[in-house]
>>> print(open('entry.cif').read())   # mmCIF, C-alpha atoms
data_query
#
loop_
_atom_site.label_atom_id
_atom_site.label_comp_id
_atom_site.auth_asym_id
_atom_site.auth_seq_id
_atom_site.Cartn_x
_atom_site.Cartn_y
_atom_site.Cartn_z
CA MET A 685 -19.01 -17.32 -10.51
CA LYS A 686 -15.58 -16.62 -9.15
CA ALA A 687 -15.08 -19.50 -6.77
CA LEU A 688 -14.69 -18.94 -3.10
CA GLY A 689 -11.93 -21.31 -2.00
CA GLN A 690 -12.76 -23.78 0.71
CA PRO A 691 -12.15 -22.16 4.07
CA LEU A 692 -9.03 -23.39 5.81
CA GLY A 693 -10.35 -25.87 8.36
CA ARG A 694 -9.71 -25.44 12.04
CA ARG A 695 -7.53 -28.52 12.23
CA ALA A 696 -5.43 -27.53 9.22
CA PHE A 697 -4.86 -24.03 10.55
CA LEU A 698 -3.83 -25.12 14.02
CA LEU A 699 -1.69 -28.03 12.86
CA GLY A 700 0.13 -26.14 10.13
CA ALA A 701 2.88 -28.28 8.63
CA GLY A 702 3.01 -31.49 10.58
CA ALA A 703 2.55 -30.59 14.22
CA ALA A 704 0.82 -33.26 16.30
CA GLY A 705 -2.34 -32.95 18.36
CA LEU A 706 -5.44 -30.81 18.08
CA GLY A 707 -5.98 -28.16 20.71
CA VAL A 708 -9.40 -27.91 22.32
CA ALA A 709 -10.74 -24.38 22.38
CA CYS A 710 -9.65 -22.70 25.57
CA SER A 711 -9.00 -25.97 27.35
CA GLY A 712 -6.20 -24.23 29.17
CA ALA A 713 -4.16 -27.40 28.78
CA THR A 714 -0.60 -26.68 27.74
CA THR A 715 2.67 -28.47 28.01
CA GLY A 716 4.72 -25.22 28.15
CA ASP A 717 7.09 -24.27 30.92
CA VAL A 718 5.37 -21.30 32.55
CA THR A 719 8.51 -20.18 34.35
CA GLU A 720 10.46 -20.02 31.08
CA GLU A 721 7.61 -18.14 29.44
CA GLU A 722 7.46 -15.67 32.25
CA VAL A 723 11.07 -14.79 31.43
CA THR A 724 10.94 -14.76 27.64
CA GLY A 725 7.27 -14.25 26.88
CA ILE A 726 5.48 -16.84 24.80
CA THR A 727 7.77 -18.31 22.13
CA ARG A 728 6.19 -21.72 21.51
CA LEU A 729 2.86 -21.22 19.80
CA ASP A 730 2.42 -24.97 19.40
CA ARG A 731 2.32 -25.33 23.18
CA LEU A 732 -0.88 -23.28 23.33
CA ALA A 733 -4.36 -24.52 22.66
CA GLY A 734 -7.15 -23.37 20.36
CA ASP A 735 -8.01 -19.70 20.25
CA LEU A 736 -5.16 -18.79 22.57
CA ALA A 737 -2.66 -20.15 20.07
CA ILE A 738 -4.27 -18.08 17.33
CA ALA A 739 -4.19 -14.97 19.51
CA ALA A 740 -0.50 -15.52 20.21
CA LEU A 741 0.20 -16.07 16.51
CA ALA A 742 -1.62 -12.83 15.74
CA SER A 743 0.46 -11.03 18.39
CA SER A 744 3.67 -12.32 16.82
CA LEU A 745 2.60 -11.08 13.39
CA GLU A 746 1.56 -7.66 14.69
CA ASN A 747 4.86 -7.35 16.56
CA LEU A 748 6.63 -8.20 13.31
CA ALA A 749 4.61 -5.58 11.46
CA VAL A 750 5.61 -2.90 13.97
CA ALA A 751 9.24 -4.03 13.73
CA THR A 752 9.16 -4.03 9.92
CA TYR A 753 7.84 -0.49 9.65
CA ASP A 754 10.41 0.58 12.24
CA ALA A 755 13.19 -1.15 10.30
CA VAL A 756 12.27 0.79 7.17
CA ARG A 757 12.17 4.07 9.11
CA LYS A 758 15.64 3.29 10.45
CA ARG A 759 17.01 2.56 6.98
CA LEU A 760 15.58 5.89 5.82
CA ALA A 761 17.17 7.69 8.76
CA ASP A 762 20.50 5.97 8.04
CA GLY A 763 20.38 7.03 4.39
CA LYS A 764 20.19 3.45 3.14
CA LEU A 765 16.94 4.10 1.37
CA GLU A 766 15.76 6.98 -0.79
CA ALA A 767 13.05 9.14 0.75
CA LEU A 768 9.53 7.83 0.56
CA PRO A 769 6.98 9.78 -1.44
CA PRO A 770 4.57 11.76 0.77
CA ALA A 771 1.56 9.42 0.41
CA LEU A 772 3.62 6.35 1.30
CA ALA A 773 5.30 8.16 4.20
CA ARG A 774 1.85 9.11 5.53
CA TYR A 775 0.72 5.52 5.06
CA VAL A 776 3.72 4.19 7.04
CA GLY A 777 2.85 6.41 9.99
CA ALA A 778 -0.78 5.30 9.99
CA ALA A 779 -0.14 1.58 9.40
CA ALA A 780 2.57 1.37 12.07
CA ALA A 781 0.21 2.95 14.60
CA HIS A 782 -2.56 0.54 13.63
CA HIS A 783 -0.31 -2.47 14.14
CA GLU A 784 0.75 -1.20 17.56
CA GLU A 785 -2.92 -1.09 18.55
CA HIS A 786 -3.49 -4.56 17.10
CA ALA A 787 -0.54 -5.97 19.03
CA LYS A 788 -1.86 -4.46 22.27
CA ALA A 789 -5.31 -5.93 21.66
CA TRP A 790 -3.99 -9.44 21.05
CA ASN A 791 -1.58 -9.34 23.93
CA GLY A 792 -4.50 -8.25 26.09
CA VAL A 793 -6.28 -11.44 25.04
CA VAL A 794 -3.24 -13.59 25.83
CA THR A 795 -2.46 -11.99 29.20
CA GLY A 796 -6.18 -11.91 30.04
CA ALA A 797 -6.08 -15.68 29.80
CA GLY A 798 -3.39 -15.71 32.47
CA ARG A 799 -0.43 -16.24 30.15
CA PRO A 800 2.66 -14.06 29.66
CA GLY A 801 2.45 -11.77 26.66
CA VAL A 802 4.04 -12.31 23.27
CA THR A 803 7.01 -9.94 23.12
CA GLY A 804 8.77 -11.52 20.14
CA VAL A 805 8.12 -11.32 16.44
CA ASN A 806 7.08 -14.04 14.03
CA LEU A 807 10.55 -15.27 13.07
CA THR A 808 9.31 -17.55 10.30
CA LEU A 809 7.88 -14.64 8.33
CA LYS A 810 10.69 -12.32 9.35
CA THR A 811 13.13 -14.68 7.63
CA ARG A 812 11.28 -14.10 4.38
CA LEU A 813 10.89 -10.35 4.72
CA GLU A 814 14.31 -9.39 6.00
CA PRO A 815 16.23 -9.93 2.74
CA MET A 816 13.54 -7.98 0.90
CA ILE A 817 13.96 -5.04 3.29
CA VAL A 818 17.74 -5.08 3.02
CA THR A 819 17.74 -5.12 -0.77
CA ALA A 820 14.97 -2.52 -1.23
CA ARG A 821 16.45 0.70 -2.54
CA ASP A 822 13.40 2.73 -3.44
CA TYR A 823 9.77 3.17 -2.49
CA VAL A 824 8.59 0.46 -4.87
CA GLY A 825 10.79 -2.12 -3.13
CA VAL A 826 9.60 -0.94 0.27
CA ALA A 827 5.94 -0.93 -0.73
CA THR A 828 6.36 -4.47 -2.04
CA VAL A 829 7.68 -5.63 1.35
CA PHE A 830 4.76 -4.00 3.10
CA LEU A 831 2.33 -5.60 0.66
CA GLU A 832 3.76 -9.06 1.36
CA LEU A 833 3.56 -8.47 5.12
CA GLU A 834 0.01 -7.10 5.09
CA SER A 835 -1.30 -9.76 2.69
CA ILE A 836 0.10 -12.64 4.74
CA THR A 837 -1.14 -11.14 7.99
CA ALA A 838 -4.62 -10.66 6.53
CA ALA A 839 -4.64 -14.22 5.18
CA THR A 840 -3.67 -15.51 8.61
CA TYR A 841 -6.55 -13.64 10.21
CA LEU A 842 -9.04 -15.11 7.75
CA ALA A 843 -7.73 -18.62 8.39
CA GLY A 844 -7.78 -17.97 12.13
CA ILE A 845 -11.38 -16.77 12.04
CA ALA A 846 -12.40 -20.05 10.43
CA ALA A 847 -10.76 -21.90 13.33
CA MET A 848 -11.81 -19.71 16.27
CA SER A 849 -14.68 -20.43 18.59
CA ASN A 850 -14.47 -17.63 21.18
CA ASN A 851 -16.73 -14.73 20.26
CA ALA A 852 -14.62 -11.94 21.75
CA ALA A 853 -11.51 -13.14 19.94
CA LEU A 854 -13.54 -13.48 16.75
CA LYS A 855 -14.64 -9.86 16.98
CA ILE A 856 -11.07 -8.64 17.40
CA ALA A 857 -9.87 -10.81 14.52
CA SER A 858 -12.65 -9.63 12.24
CA SER A 859 -12.09 -5.95 13.04
CA VAL A 860 -8.35 -6.26 12.42
CA HIS A 861 -8.52 -8.48 9.31
CA THR A 862 -10.44 -5.78 7.45
CA VAL A 863 -7.89 -3.11 8.38
CA GLU A 864 -4.96 -5.18 7.09
CA LEU A 865 -6.86 -5.65 3.84
CA GLN A 866 -7.40 -1.91 3.61
CA HIS A 867 -3.64 -1.48 3.94
CA VAL A 868 -3.29 -3.95 1.05
CA ALA A 869 -5.72 -1.90 -1.05
CA PHE A 870 -3.67 1.29 -0.64
CA LEU A 871 -0.40 -0.48 -1.46
CA ASN A 872 -1.95 -2.13 -4.52
CA LEU A 873 -3.20 1.26 -5.72
CA LEU A 874 0.21 2.87 -5.15
CA LEU A 875 1.89 0.06 -7.10
CA ASP A 876 -0.57 0.38 -10.00
CA ARG A 877 -2.15 -2.98 -9.31
CA PRO A 878 -5.90 -3.60 -9.04
CA PRO A 879 -6.60 -2.26 -5.54
CA VAL A 880 -9.23 -4.93 -4.82
CA PRO A 881 -8.29 -7.83 -7.09
CA ASP A 882 -10.51 -10.53 -5.58
CA SER A 883 -14.20 -10.99 -4.87
CA PHE A 884 -13.36 -12.71 -1.61
CA ALA A 885 -10.49 -12.30 0.82
CA LYS A 886 -8.16 -15.30 0.72
CA THR A 887 -6.10 -17.47 3.07
CA ASP A 888 -3.19 -17.92 0.64
CA GLY A 889 0.07 -17.66 2.53
CA ALA A 890 -1.55 -17.75 5.97
CA ARG A 891 0.90 -18.45 8.77
CA SER A 892 0.22 -21.18 11.31
CA THR A 893 0.85 -21.95 14.94
CA THR A 894 3.92 -23.98 14.03
CA ASP A 895 5.73 -20.71 13.31
CA THR A 896 8.60 -19.74 15.58
CA VAL A 897 8.54 -16.60 17.68
CA GLY A 898 11.46 -14.75 19.15
CA MET B 170 -13.36 -14.48 33.81
CA SER B 171 -10.59 -15.61 31.49
CA LEU B 172 -10.95 -16.74 27.91
CA CYS B 173 -10.40 -20.32 29.07
CA HIS B 174 -13.13 -20.43 31.72
CA PRO B 175 -14.77 -23.87 31.46
CA LEU B 176 -18.27 -22.41 31.34
CA LEU B 177 -17.58 -20.22 28.35
CA GLY B 178 -19.32 -21.21 25.19
CA ARG B 179 -18.95 -19.53 21.86
CA ARG B 180 -21.80 -17.12 22.37
CA GLN B 181 -21.02 -16.13 25.93
CA VAL B 182 -19.27 -12.98 26.93
CA VAL B 183 -15.61 -12.92 27.81
CA ALA B 184 -15.00 -10.25 30.36
CA GLY B 185 -11.58 -8.94 31.03
CA ALA B 186 -8.68 -7.60 29.03
CA GLY B 187 -9.35 -7.27 25.31
CA ALA B 188 -13.09 -8.07 25.45
CA LEU B 189 -15.14 -6.13 22.92
CA VAL B 190 -18.63 -7.59 23.42
CA THR B 191 -20.88 -5.43 25.57
CA GLN B 192 -23.66 -6.75 27.75
CA ALA B 193 -26.21 -4.98 25.55
CA VAL B 194 -25.01 -6.80 22.43
CA VAL B 195 -25.06 -10.13 24.27
CA ALA B 196 -28.60 -9.51 25.45
CA THR B 197 -29.63 -8.75 21.87
CA LEU B 198 -27.94 -11.88 20.59
CA LEU B 199 -29.52 -14.13 23.22
CA SER B 200 -32.99 -12.67 22.75
CA ARG B 201 -32.69 -13.01 18.97
CA ARG B 202 -31.63 -16.61 19.21
CA ALA B 203 -34.46 -17.28 21.67
CA ALA B 204 -36.96 -15.77 19.21
CA PHE B 205 -35.65 -17.93 16.41
CA ALA B 206 -35.66 -21.01 18.60
CA GLN B 207 -39.34 -20.44 19.23
CA ALA B 208 -39.99 -20.09 15.49
CA GLY B 209 -38.03 -23.28 14.76
CA GLU B 210 -35.84 -21.41 12.29
CA ASN B 211 -32.10 -21.55 11.77
CA PRO B 212 -30.84 -18.10 12.84
CA ASP B 213 -28.04 -18.30 10.28
CA VAL B 214 -30.56 -18.22 7.44
CA ALA B 215 -31.92 -14.77 8.29
CA VAL B 216 -28.41 -13.39 8.77
CA LEU B 217 -27.30 -14.72 5.39
CA GLN B 218 -30.45 -13.50 3.64
CA THR B 219 -29.89 -10.05 5.12
CA ALA B 220 -26.32 -10.06 3.84
CA THR B 221 -27.56 -11.07 0.41
CA SER B 222 -30.13 -8.30 0.41
CA ILE B 223 -27.39 -5.76 1.00
CA ASP B 224 -25.27 -7.10 -1.85
CA ASN B 225 -28.37 -6.95 -4.07
CA ALA B 226 -28.79 -3.30 -3.10
CA ALA B 227 -25.10 -2.68 -3.73
CA LEU B 228 -25.46 -4.09 -7.24
CA ALA B 229 -28.26 -1.62 -7.93
CA ALA B 230 -26.18 1.23 -6.50
CA TYR B 231 -23.21 0.44 -8.73
CA ASP B 232 -25.49 0.05 -11.75
CA ALA B 233 -26.90 3.50 -11.03
CA VAL B 234 -23.44 5.09 -10.76
CA LEU B 235 -21.97 3.22 -13.72
CA GLY B 236 -24.84 4.57 -15.83
CA LEU B 237 -24.15 8.21 -14.99
CA ALA B 238 -23.11 10.43 -17.86
CA PHE B 239 -19.84 11.54 -16.27
CA VAL B 240 -18.90 7.89 -15.72
CA THR B 241 -19.83 6.59 -19.17
CA VAL B 242 -18.24 9.49 -21.07
CA PRO B 243 -14.93 8.51 -22.81
CA SER B 244 -13.02 11.10 -20.76
CA ALA B 245 -13.94 9.44 -17.46
CA ASN B 246 -10.88 8.25 -15.54
CA PRO B 247 -10.38 4.65 -16.71
CA LEU B 248 -8.92 3.49 -13.41
CA VAL B 249 -11.91 4.84 -11.49
CA VAL B 250 -14.34 3.17 -13.91
CA SER B 251 -12.38 -0.08 -13.70
CA VAL B 252 -12.49 -0.01 -9.88
CA LEU B 253 -16.26 0.55 -9.91
CA ARG B 254 -16.88 -2.23 -12.43
CA ALA B 255 -14.71 -4.63 -10.43
CA ALA B 256 -16.59 -3.82 -7.24
CA ARG B 257 -19.90 -4.46 -8.99
CA SER B 258 -18.70 -7.86 -10.15
CA HIS B 259 -17.51 -8.68 -6.63
CA HIS B 260 -20.99 -7.99 -5.24
CA ALA B 261 -22.48 -10.29 -7.87
CA ASP B 262 -20.12 -13.04 -6.71
CA HIS B 263 -21.08 -12.40 -3.08
CA VAL B 264 -24.74 -12.93 -3.92
CA LEU B 265 -23.93 -16.24 -5.59
CA ALA B 266 -21.82 -17.34 -2.62
CA TYR B 267 -24.55 -16.52 -0.13
CA ASP B 268 -27.11 -18.27 -2.38
CA ASP B 269 -24.90 -21.35 -2.35
CA VAL B 270 -24.61 -21.44 1.45
CA LEU B 271 -28.35 -20.85 1.87
CA SER B 272 -29.08 -23.67 -0.55
CA LYS B 273 -26.89 -26.01 1.49
CA LEU B 274 -28.84 -24.95 4.59
CA GLY B 275 -32.07 -25.79 2.79
CA ALA B 276 -33.17 -22.16 2.73
CA PRO B 277 -34.39 -19.98 -0.15
CA PRO B 278 -32.17 -17.28 -1.65
CA GLN B 279 -32.90 -13.60 -1.07
CA ASP B 280 -33.53 -11.90 -4.41
CA ALA B 281 -34.71 -8.57 -3.04
CA SER B 282 -32.64 -5.54 -2.16
CA ASN B 283 -32.24 -4.50 1.44
CA PRO B 284 -35.01 -1.94 1.94
CA ALA B 285 -32.96 0.53 3.98
CA VAL B 286 -30.04 0.55 1.55
CA ALA B 287 -32.36 0.65 -1.44
CA ARG B 288 -34.13 3.65 0.10
CA MET B 289 -30.80 5.41 0.64
CA VAL B 290 -29.83 4.87 -2.99
CA ALA B 291 -33.25 5.95 -4.29
CA ASN B 292 -33.15 9.11 -2.17
CA GLU B 293 -29.71 10.09 -3.40
CA ARG B 294 -29.93 9.01 -7.00
CA GLY B 295 -31.31 12.26 -8.37
CA GLY B 296 -28.57 14.27 -6.67
CA LEU B 297 -25.59 12.40 -8.16
CA THR B 298 -24.40 15.37 -10.17
CA ASP B 299 -20.68 14.84 -9.79
CA LEU B 300 -18.15 12.11 -9.14
CA VAL B 301 -17.64 12.93 -5.45
CA ARG B 302 -21.35 12.59 -4.71
CA ALA B 303 -21.47 9.32 -6.61
CA LEU B 304 -18.41 7.92 -4.84
CA ASP B 305 -19.75 9.10 -1.50
CA LEU B 306 -23.01 7.23 -2.02
CA LEU B 307 -21.13 4.06 -2.93
CA LEU B 308 -18.93 4.53 0.14
CA ARG B 309 -22.01 4.62 2.36
CA VAL B 310 -23.36 1.47 0.72
CA GLU B 311 -20.00 -0.32 1.11
CA THR B 312 -19.73 0.75 4.74
CA VAL B 313 -23.14 -0.78 5.48
CA ALA B 314 -22.16 -3.92 3.59
CA ALA B 315 -18.81 -4.27 5.36
CA HIS B 316 -20.19 -3.61 8.82
CA THR B 317 -23.10 -6.00 8.33
CA ALA B 318 -20.87 -8.79 7.03
CA GLN B 319 -18.37 -8.22 9.84
CA ARG B 320 -21.08 -8.33 12.49
CA ALA B 321 -22.51 -11.47 10.91
CA VAL B 322 -19.24 -13.30 11.61
CA GLY B 323 -20.00 -13.11 15.33
CA LEU B 324 -23.59 -14.23 14.82
CA LEU B 325 -23.26 -17.22 12.51
CA ASP B 326 -23.02 -20.77 13.82
CA ASN B 327 -22.28 -22.49 10.54
CA ALA B 328 -18.51 -22.50 9.93
CA VAL B 329 -18.77 -22.19 6.14
CA ALA B 330 -21.22 -19.30 6.48
CA ARG B 331 -18.87 -17.60 8.90
CA ALA B 332 -15.91 -18.02 6.53
CA VAL B 333 -17.90 -16.64 3.59
CA SER B 334 -19.10 -13.71 5.66
CA GLU B 335 -15.59 -12.75 6.75
CA ALA B 336 -14.20 -13.19 3.24
CA VAL B 337 -16.95 -10.86 2.01
CA ALA B 338 -16.42 -8.38 4.87
CA GLY B 339 -12.77 -8.12 3.90
CA THR B 340 -13.55 -7.24 0.30
CA GLU B 341 -16.28 -4.74 1.21
CA ALA B 342 -13.86 -3.07 3.62
CA GLN B 343 -11.36 -2.77 0.78
CA HIS B 344 -14.02 -1.26 -1.48
CA ALA B 345 -14.73 1.32 1.21
CA ALA B 346 -11.03 2.09 1.58
CA VAL B 347 -10.56 2.60 -2.15
CA LEU B 348 -13.64 4.82 -2.37
CA ARG B 349 -12.31 6.98 0.47
CA MET B 350 -8.99 7.27 -1.35
CA LEU B 351 -10.73 8.18 -4.62
CA VAL B 352 -12.86 10.84 -2.92
CA THR B 353 -9.67 12.29 -1.43
CA LEU B 354 -7.97 12.29 -4.81
CA VAL B 355 -10.91 13.96 -6.52
CA ASN B 356 -11.08 16.61 -3.80
CA GLU B 357 -7.34 17.18 -4.13
CA LYS B 358 -7.76 17.43 -7.90
CA ALA B 359 -5.32 14.55 -8.23
CA VAL B 360 -7.42 11.71 -9.62
CA ALA B 361 -5.95 12.36 -13.07
CA LEU B 362 -2.65 11.02 -11.68
CA LEU B 363 -4.17 7.54 -11.74
CA VAL B 364 -3.41 6.44 -15.27
CA PRO B 365 -3.55 2.66 -15.56
CA GLY B 366 -0.27 1.22 -16.72
CA LYS B 367 1.65 4.44 -15.96
CA GLY B 368 2.34 3.60 -12.32
CA PRO B 369 3.60 3.19 -9.74
CA PHE B 370 1.92 6.31 -8.40
CA GLY B 371 4.53 7.83 -6.16
CA ASN B 372 3.17 11.31 -6.79
CA LEU B 373 -0.13 10.87 -4.97
CA PRO B 374 -0.94 13.63 -2.47
CA PRO B 375 -0.05 12.84 1.19
CA ALA B 376 -3.70 12.61 2.23
CA ALA B 377 -4.13 9.55 0.02
CA GLY B 378 -1.76 7.65 2.31
CA ASP B 379 -4.11 7.34 5.24
CA ALA B 380 -7.48 8.21 3.72
CA GLY B 381 -8.30 4.57 3.11
CA THR B 382 -7.88 3.36 6.67
CA PRO B 383 -8.86 6.01 9.20
CA GLU B 384 -9.11 3.58 12.14
CA ALA B 385 -7.05 0.80 13.70
CA PHE B 386 -10.12 -1.41 14.07
CA THR B 387 -13.17 -1.44 11.82
CA GLY B 388 -16.47 -1.14 13.64
CA THR B 389 -19.97 -2.35 12.92
CA ASP B 390 -21.94 0.79 13.71
CA GLU B 391 -23.54 0.93 10.27
CA ALA B 392 -24.54 -2.75 10.25
CA ARG B 393 -28.17 -3.37 9.37
CA PRO B 394 -30.23 -5.46 11.83
CA PRO B 395 -29.34 -9.10 11.25
CA THR B 396 -32.85 -10.24 10.33
CA GLU B 397 -33.88 -7.19 8.32
CA GLY B 398 -33.39 -8.93 5.00
CA ALA B 399 -34.89 -12.30 5.91
CA VAL B 400 -37.18 -13.83 3.32
CA ARG B 401 -40.72 -13.60 4.73
#
>>> encode(input="entry.cif", output="C-alpha cells")
Amino acid sequence: MKALGQPLGRRAFLLGAGAAGLGVACSGATTGDVTEEEVTGITRLDRLAGDLAIAALASSLENLAVATYDAVRKRLADGKLEALPPALARYVGAAAAHHEEHAKAWNGVVTGAGRPGVTGVNLTLKTRLEPMIVTARDYVGVATVFLELESITAATYLAGIAAMSNNAALKIASSVHTVELQHVAFLNLLLDRPPVPDSFAKTDGARSTTDTVG
Amino acid sequence: MSLCHPLLGRRQVVAGAGALVTQAVVATLLSRRAAFAQAGENPDVAVLQTATSIDNAALAAYDAVLGLAFVTVPSANPLVVSVLRAARSHHADHVLAYDDVLSKLGAPPQDASNPAVARMVANERGGLTDLVRALDLLLRVETVAAHTAQRAVGLLDNAVARAVSEAVAGTEAQHAAVLRMLVTLVNEKAVALLVPGKGPFGNLPPAAGDAGTPEAFTGTDEARPPTEGAVR
C-alpha cells in the first residue's frame, strides 16, 4: 500500500517553525494592535488564533497567487517573456480568476470575524518564487513557477484542514484545496509529468502561520 | 454571528460573510447525528464505509474500461492508458487507507461496491464503444467519488479520518480534471499530441487549458448520501 503520511497535526501547523503558544479555535484572543491592522490590513498571522489564523494565511497565499499570475502577464506585456502557448495562456486566465474568488472568500471569513482583511501577499513564499519568475524565459519556466505556487498552496490547505475546527471554514478550504490540485494536474500534464502522481494529496511544503505578510 | 462566537461548536452554522453551510444541510447533519446517537453507532463509521464503497465501485469501473478492446490494443495512447492505470491504483490505495481507519475505529471494512455507482457502471458498460464514452463514464464516477469525499470532510469527527478523506478528495478531484482534459483532447482530435517522454506539450489546443477546472470552487452536488454504503 502506498503509505498515507501522517496528517500534519493542528499544533504543528499553527506553530510552524518555533512560534510560541497554541491558539484556541476562535477564541477571539489576540495580542495584535487593531489600530495598526486597520491601517495596513492583517500582517501578523501569528497574532491570530486558530481557524482565523489559517483563514488569514490562506488569504495571503491567494493574494500571492493573483499577484504571481499578474506578474507573469506583465512580463509578457513588457516583452521579457516569450508568448505563452494557447493552452497555458487559457489556463492563466482561468487560474487567476479562480484565485481572485478564493481570496475574496477567505477575506470574507476574516472580515466576517470582525478583523481587517488581508491585503498583502505571503512574503515568505514570494521570496522563493520571485527569482524563479525573473529568470523564466519561456513557458516551461513559467509553468514551473505556477506548479510550485499551486502545489505549496494546495499542501497548505490540506495541512490547514487537519487543524481547523470551524465547519464553514472547513467547507471553503476543502472546496478550494481540490481546485488548486486540479491546477497542479494541468501543469503536470503540460510539463509531461504524471498528472496525478500520488494516491493521496500531500502536505509537503505547506506554509504556516509564522509566515510574513506584506 | 461571527466565526468566533463563544457558542459556536464545530458542527454549528456560521452565519455571515463567507458562510457556505445552509440551514437545510445543518438540519440534515443534526438529524443524522441524532439517528446515529440513538443507534449507539459512531457516525464516522458509516461515512467511511460509504467512501470505501465508492472506491470499490471505482475500481470496478476502471477494470471495465481498462479491459476494453480500444484500450488494450497496442495502438492505444500510452499516456492515456498510463493515466487510467495510475488512477485505478490510487483507488486501491484509498480502499486500504479507509480500511485502516475503520479498523482503528473498531469497525468492519466495506468490501462491497456502492450500489448507485455500481448501477451506473453496469448500465453504461455495454455502450462503451469509444474512448470518449469510456472517459465520460469514469469522469462521472470520479465526480461522485470526489464530491462524496469532500462532503465527508465536513461530517467526520475523527481527525485522522478527516485528513484521509480530504487527501482522497484531492486526488479524486485531480482524476476528474485529467479526464475532462482527455475528453477535450479526444474531441479536438489532439490526444495523439500526448506522447510520453516527448513533452513538454506546448502545442495542446487552447480548450485544454481550462477544461480541467471549470469552477473556482468544487461542489458536492454529486455526493452520495453519507450512510448509503454503511455495512449492514
>>> residues_around(input="entry.cif", residues="Gly381 in chain B", least_positions_apart="2", cutoff="8 Å", atoms="all atoms listed in the file", output="list of chain:residue names")
A:Gln866, A:His867, A:Phe870, B:Ala345, B:Ala346, B:Val347, B:Leu348, B:Arg349, B:Met350, B:Ala377, B:Gly378, B:Asp379, B:Pro383
>>> write_last_selection(input="entry.cif", atoms="C-alpha atoms", output="PDB file, keeping the file's coordinate frame")
ATOM      1  CA  GLN A 866      -7.400  -1.910   3.610  1.00  0.00           C
ATOM      2  CA  HIS A 867      -3.640  -1.480   3.940  1.00  0.00           C
ATOM      3  CA  PHE A 870      -3.670   1.290  -0.640  1.00  0.00           C
TER       4      PHE A 870
ATOM      5  CA  ALA B 345     -14.730   1.320   1.210  1.00  0.00           C
ATOM      6  CA  ALA B 346     -11.030   2.090   1.580  1.00  0.00           C
ATOM      7  CA  VAL B 347     -10.560   2.600  -2.150  1.00  0.00           C
ATOM      8  CA  LEU B 348     -13.640   4.820  -2.370  1.00  0.00           C
ATOM      9  CA  ARG B 349     -12.310   6.980   0.470  1.00  0.00           C
ATOM     10  CA  MET B 350      -8.990   7.270  -1.350  1.00  0.00           C
ATOM     11  CA  ALA B 377      -4.130   9.550   0.020  1.00  0.00           C
ATOM     12  CA  GLY B 378      -1.760   7.650   2.310  1.00  0.00           C
ATOM     13  CA  ASP B 379      -4.110   7.340   5.240  1.00  0.00           C
ATOM     14  CA  PRO B 383      -8.860   6.010   9.200  1.00  0.00           C
TER      15      PRO B 383
END
>>> residues_around(input="entry.cif", residues="Met289 in chain B", least_positions_apart="2", cutoff="10 Å", atoms="all atoms listed in the file", output="number ranges by chain")
B: 226, 230, 284-287, 291-294, 306, 309-310
>>> resolve_selection(input="entry.cif", expression="the PyMOL selection byres ((chain A and resi 894) around 6)", output="PDB file with C-alpha atoms, in the frame of the given file")
ATOM      1  CA  GLY A 700       0.130 -26.140  10.130  1.00  0.00           C
ATOM      2  CA  ASP A 730       2.420 -24.970  19.400  1.00  0.00           C
ATOM      3  CA  SER A 892       0.220 -21.180  11.310  1.00  0.00           C
ATOM      4  CA  THR A 893       0.850 -21.950  14.940  1.00  0.00           C
ATOM      5  CA  ASP A 895       5.730 -20.710  13.310  1.00  0.00           C
TER       6      ASP A 895
END
>>> residues_near_point(input="entry.cif", point="(6.2, -13.6, 28.9)", cutoff="9 Å", atoms="all atoms listed in the file", output="ChimeraX atom specification")
/A:718-727,795,799-803
>>> closest_residue(input="entry.cif", among="B:Val352, B:Gln279, B:Val250, B:Asn211", to="Gly236 in chain B", atoms="all atoms listed in the file")
B:Val250
>>> closest_residue(input="entry.cif", among="B:Thr396, B:Asn372, B:Thr312, B:Thr219", to="Val360 in chain B", atoms="only C-alpha atoms")
B:Asn372
>>> axis_aligned_box(input="entry.cif", around="range 722-739 of chain A", padding_each_side="4 Å", output="AutoDock Vina command-line options")
--center_x 1.5 --center_y -19.8 --center_z 24.8 --size_x 27.1 --size_y 19.1 --size_z 22.9
>>> atom_distance(input="entry.cif", atom1="CA of Ala846 in chain A", atom2="CA of Ala885 in chain A")
12.5 Å
>>> residues_around(input="entry.cif", residues="Ala229 in chain B", least_positions_apart="2", cutoff="9 Å", atoms="all atoms listed in the file", output="MDAnalysis selection string")
chainID B and resid 224:227 231:234 257 282 287 290
>>> resolve_selection(input="entry.cif", expression="the PyMOL selection byres ((chain A and resi 840) around 9)", output="list in words")
Phe697, Leu741, Ala742, Ser835, Ile836, Thr837, Ala838, Ala839, Tyr841, Leu842, Ala843, Gly844, Ile845, His861, Thr887, Asp888, Gly889, Ala890, Arg891 and Ser892 of chain A
>>> resolve_selection(input="entry.cif", expression="the PyMOL selection byres ((chain A and resi 877) around 12)", output="number ranges by chain")
A: 827-828, 831, 868-876, 878-882; B: 248, 251-252, 363-370
>>> write_last_selection(input="entry.cif", atoms="C-alpha atoms", output="tab-separated table (two decimals), in the coordinates of the input")
chain	number	residue	atom	x	y	z
A	827	ALA	CA	5.94	-0.93	-0.73
A	828	THR	CA	6.36	-4.47	-2.04
A	831	LEU	CA	2.33	-5.60	0.66
A	868	VAL	CA	-3.29	-3.95	1.05
A	869	ALA	CA	-5.72	-1.90	-1.05
A	870	PHE	CA	-3.67	1.29	-0.64
A	871	LEU	CA	-0.40	-0.48	-1.46
A	872	ASN	CA	-1.95	-2.13	-4.52
A	873	LEU	CA	-3.20	1.26	-5.72
A	874	LEU	CA	0.21	2.87	-5.15
A	875	LEU	CA	1.89	0.06	-7.10
A	876	ASP	CA	-0.57	0.38	-10.00
A	878	PRO	CA	-5.90	-3.60	-9.04
A	879	PRO	CA	-6.60	-2.26	-5.54
A	880	VAL	CA	-9.23	-4.93	-4.82
A	881	PRO	CA	-8.29	-7.83	-7.09
A	882	ASP	CA	-10.51	-10.53	-5.58
B	248	LEU	CA	-8.92	3.49	-13.41
B	251	SER	CA	-12.38	-0.08	-13.70
B	252	VAL	CA	-12.49	-0.01	-9.88
B	363	LEU	CA	-4.17	7.54	-11.74
B	364	VAL	CA	-3.41	6.44	-15.27
B	365	PRO	CA	-3.55	2.66	-15.56
B	366	GLY	CA	-0.27	1.22	-16.72
B	367	LYS	CA	1.65	4.44	-15.96
B	368	GLY	CA	2.34	3.60	-12.32
B	369	PRO	CA	3.60	3.19	-9.74
B	370	PHE	CA	1.92	6.31	-8.40
